[in-house]
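Notes follow the structure.
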Amino acid sequence: MSIRVGIGYDSHRLGPGRPLILGGVTVPFELGLEGHSDGDAIAHALTDALLGAAAMGDIGKLYPDSDLRFKGANSIALLREVVGLLRDRGFVPLQADITVIAERPRLGKFFPEMAAILGGALDLPAGAIGLKAKTNEGMGFIGRGEGIAVMAVATVGPV
Ligand code: MG
């Protein structure tokens with residue numbers, strides 16, 4: 001079996017009264033990501049990239065919004081669970097690369113902690129997790145600060 005690559009994308013609306021949780025880290029900010037789960041768009045995009053690499057569907061199919069069990073769910077725990085499902089099918093994560101598109105807040109200083117947490121969920125060292133942040137140059141819903149989007153790619157190999 002050869003190395004396979006998967007892509008993931010997620011976006012969430014920013015709203016008041018919620019913590020901003022990204023890559024398992026609670027980032028100090030006046031708004032948080034809305035969603036049925038904890039809204040961790042980095043964890044969700046990465047989960048979809050891994051599922052895509054294994055051709056195992058997507059996060060919405062495994063953890064539907066309609067299921068109350070996943071209300072407020074810890075997305076890092078779900079990511080870890082998906083890594084277990086991949087392993088059952090004979091795949092292990094090799095590395096991942098993630099781009100966060102957010103006008104605010106600045107995220108770079110949180111990346112080492114996020115990489116350690118995400119790597120931990122994937123049984124990989126932090127150095128196997130690339131993290132980058134971009135603004136959207138003031139354009140569109142991201143530029144207006146209405147939400148945050150994340151793109152991720154991940155490779156998997158044989159167990
Ligand atoms: Mg999501």
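Each chain in the structure tokens gets a letter, A, B, ..., in the order shown, and its residues are numbered from 1; ligands are numbered from 1 in order too.
Residues in contact range of A:Ala45, defined as at most 8 Å between only C-alpha atoms, with sequence neighbours fewer than 5 positions away removed, read Ile7, Gly8, Tyr9, Asp10, Val150, Met151 and Ala152 of chain A.
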Problem set entry | Shell of 7 Å around A:Ala128, only C-alpha atoms, local chain residues under 2 positions omitted, as a ChimeraX atom specification | /A:95-96,119,124-126,130
Problem set entry | Residue set, chain A restricted to strand (DSSP E), as a VMD selection string | chain A and resid 4 to 15 20 to 22 25 to 27 32 to 33 91 to 101 129 to 134 147 to 158
Problem set entry | A:Val83, A:Gly145, A:Glu137, A:Leu14 ranked by distance to A:Asp123, top pick (using only C-alpha atoms) | A:Val83
Exercise. Could you pull out all residues of stretch 47-138 of chain A with a DSSP call of helix (DSSP H, G or I) and give them as a PyMOL selection string?
Worked result: chain A and resi 47-53+59-62+68-70+75-88+108-122+126-128
